[in-house]
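Scroll down for the structure; my scribbles are underneath it.
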Amino acid sequence: MLTLTSLDQLKDHTGQEIGVSGWFAVTQERIQKFADATLDHQWIHIDQERAKRESPFNTTISHGFLTLSLLPQFVPQVLKIDGVRMGINYGLNRLRFVSPVKSGSKIRARFTLQSVKDVAPAGVEAVYLVAIEGESGDKPCCVAEWVVRYYR
């Protein structure tokens, strides 16, 4: 884990890989809870029997937005910045769901700091290139440019 004693030190890591999170299991139970929370009950996510019969993946798959929503769970595993009063998810510049996350598989996130700039008042905007990888995939599951604002 990269631990910084101040927000100003973040700039020193621009263009560098910040770190890689641990593996996280995406269970069918988690997929079901996400489906219930978002009201997205498409069969490719929740109907295991139909997915086994009709899906090219032979099982249910995670919602892309479930995969994306795990970013806040991954980042504390790779980065700690002391002196930050709060951080907010400012958005995404680019997002692609490159390959499916199958139910029961494990994923992890790889973070590279692309840019850092000051924003008023007393804040910093960081853009991370995040690649969410599956433990058995050749391609990432999700690739995103994630914009985060930190405030002192």
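Chain lettering (A, B, ...) mirrors the order of the structure tokens, residue numbering begins at 1 for each chain separately, and ligand numbering begins at 1 in order of display.
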Spatial neighbours of Val143 of chain A, 12 Å, only C-alpha atoms, chain gap at least 6 places, as a list in words: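 Final neighbour list, sorted by chain and number: Gly64, Thr67, Leu68, Leu71, Leu92, Asn93, Arg94, Leu95, Arg96, Phe97, Val98, Ser99, Arg108, Ala109, Arg110, Phe111, Thr112, Tyr128, Leu129, Val130, Ala131, Ile132, Glu133 and Gly134 of chain A.
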Which of segment 21-113 of chain A fall in alpha helix (DSSP H), as JSON, numbers by chain: {"A": [28, 29, 30, 31, 32, 33, 34, 35, 36, 37, 38, 43, 44, 45, 46, 48, 49, 50, 51, 52, 53, 54, 64, 65, 66, 67, 68, 69, 71, 72, 73, 74]}
Filtering to C-alpha atoms, could you give me those residues as a tab-separated table (two decimals), in the first residue's frame?
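Contents of the output file selection-v3.tsv:
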```tsv
chain	number	residue	atom	x	y	z
A	28	GLN	CA	-24.27	-14.89	-6.91
A	29	GLU	CA	-25.67	-13.54	-3.64
A	30	ARG	CA	-23.91	-10.19	-4.21
A	31	ILE	CA	-25.16	-10.11	-7.82
A	32	GLN	CA	-28.73	-10.79	-6.62
A	33	LYS	CA	-28.53	-8.03	-3.99
A	34	PHE	CA	-27.27	-5.60	-6.62
A	35	ALA	CA	-30.11	-6.62	-8.95
A	36	ASP	CA	-32.60	-5.99	-6.15
A	37	ALA	CA	-31.06	-2.62	-5.28
A	38	THR	CA	-31.01	-1.38	-8.88
A	43	TRP	CA	-31.89	-13.05	-16.60
A	44	ILE	CA	-28.18	-13.00	-17.48
A	45	HIS	CA	-27.56	-11.79	-13.93
A	46	ILE	CA	-30.02	-13.76	-11.80
A	48	GLN	CA	-28.63	-19.45	-13.18
A	49	GLU	CA	-30.46	-22.24	-15.01
A	50	ARG	CA	-31.34	-20.11	-18.02
A	51	ALA	CA	-27.83	-18.65	-18.12
A	52	LYS	CA	-26.40	-22.16	-18.12
A	53	ARG	CA	-28.64	-23.04	-21.10
A	54	GLU	CA	-28.71	-19.84	-23.15
A	64	GLY	CA	-21.14	-3.98	-15.22
A	65	PHE	CA	-22.21	-1.32	-12.76
A	66	LEU	CA	-21.74	-3.74	-9.86
A	67	THR	CA	-18.15	-4.27	-10.99
A	68	LEU	CA	-17.66	-0.51	-11.25
A	69	SER	CA	-19.29	0.13	-7.88
A	71	LEU	CA	-13.89	0.79	-6.88
A	72	PRO	CA	-14.36	2.48	-3.47
A	73	GLN	CA	-13.84	-0.92	-1.84
A	74	PHE	CA	-10.57	-1.50	-3.74
```
Selection: 10 Å around Ile107 of chain A, only C-alpha atoms, excl. self and same-chain fewer than 2 positions, as a list in words: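 Surrounding residues, per the criterion: Ser21, Gly22, Trp23, Phe24, Ala25, Val26, Thr67, Leu70, Val101, Lys102, Gly104, Ser105, Ala109, Ile132, Glu133, Gly134, Glu135, Ser136, Gly137, Pro140 and Cys141 of chain A.
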Who sits within 6 Å of segment 78-81 of chain A, only C-alpha atoms, same chain under 3 positions skipped, as number ranges by chain: A: 1-4, 19, 21, 75
Gap from atom CA of Ser115 of chain A to atom CA of Gln16 of chain A - Å, one decimal: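 So the answer is 9.8 Å.
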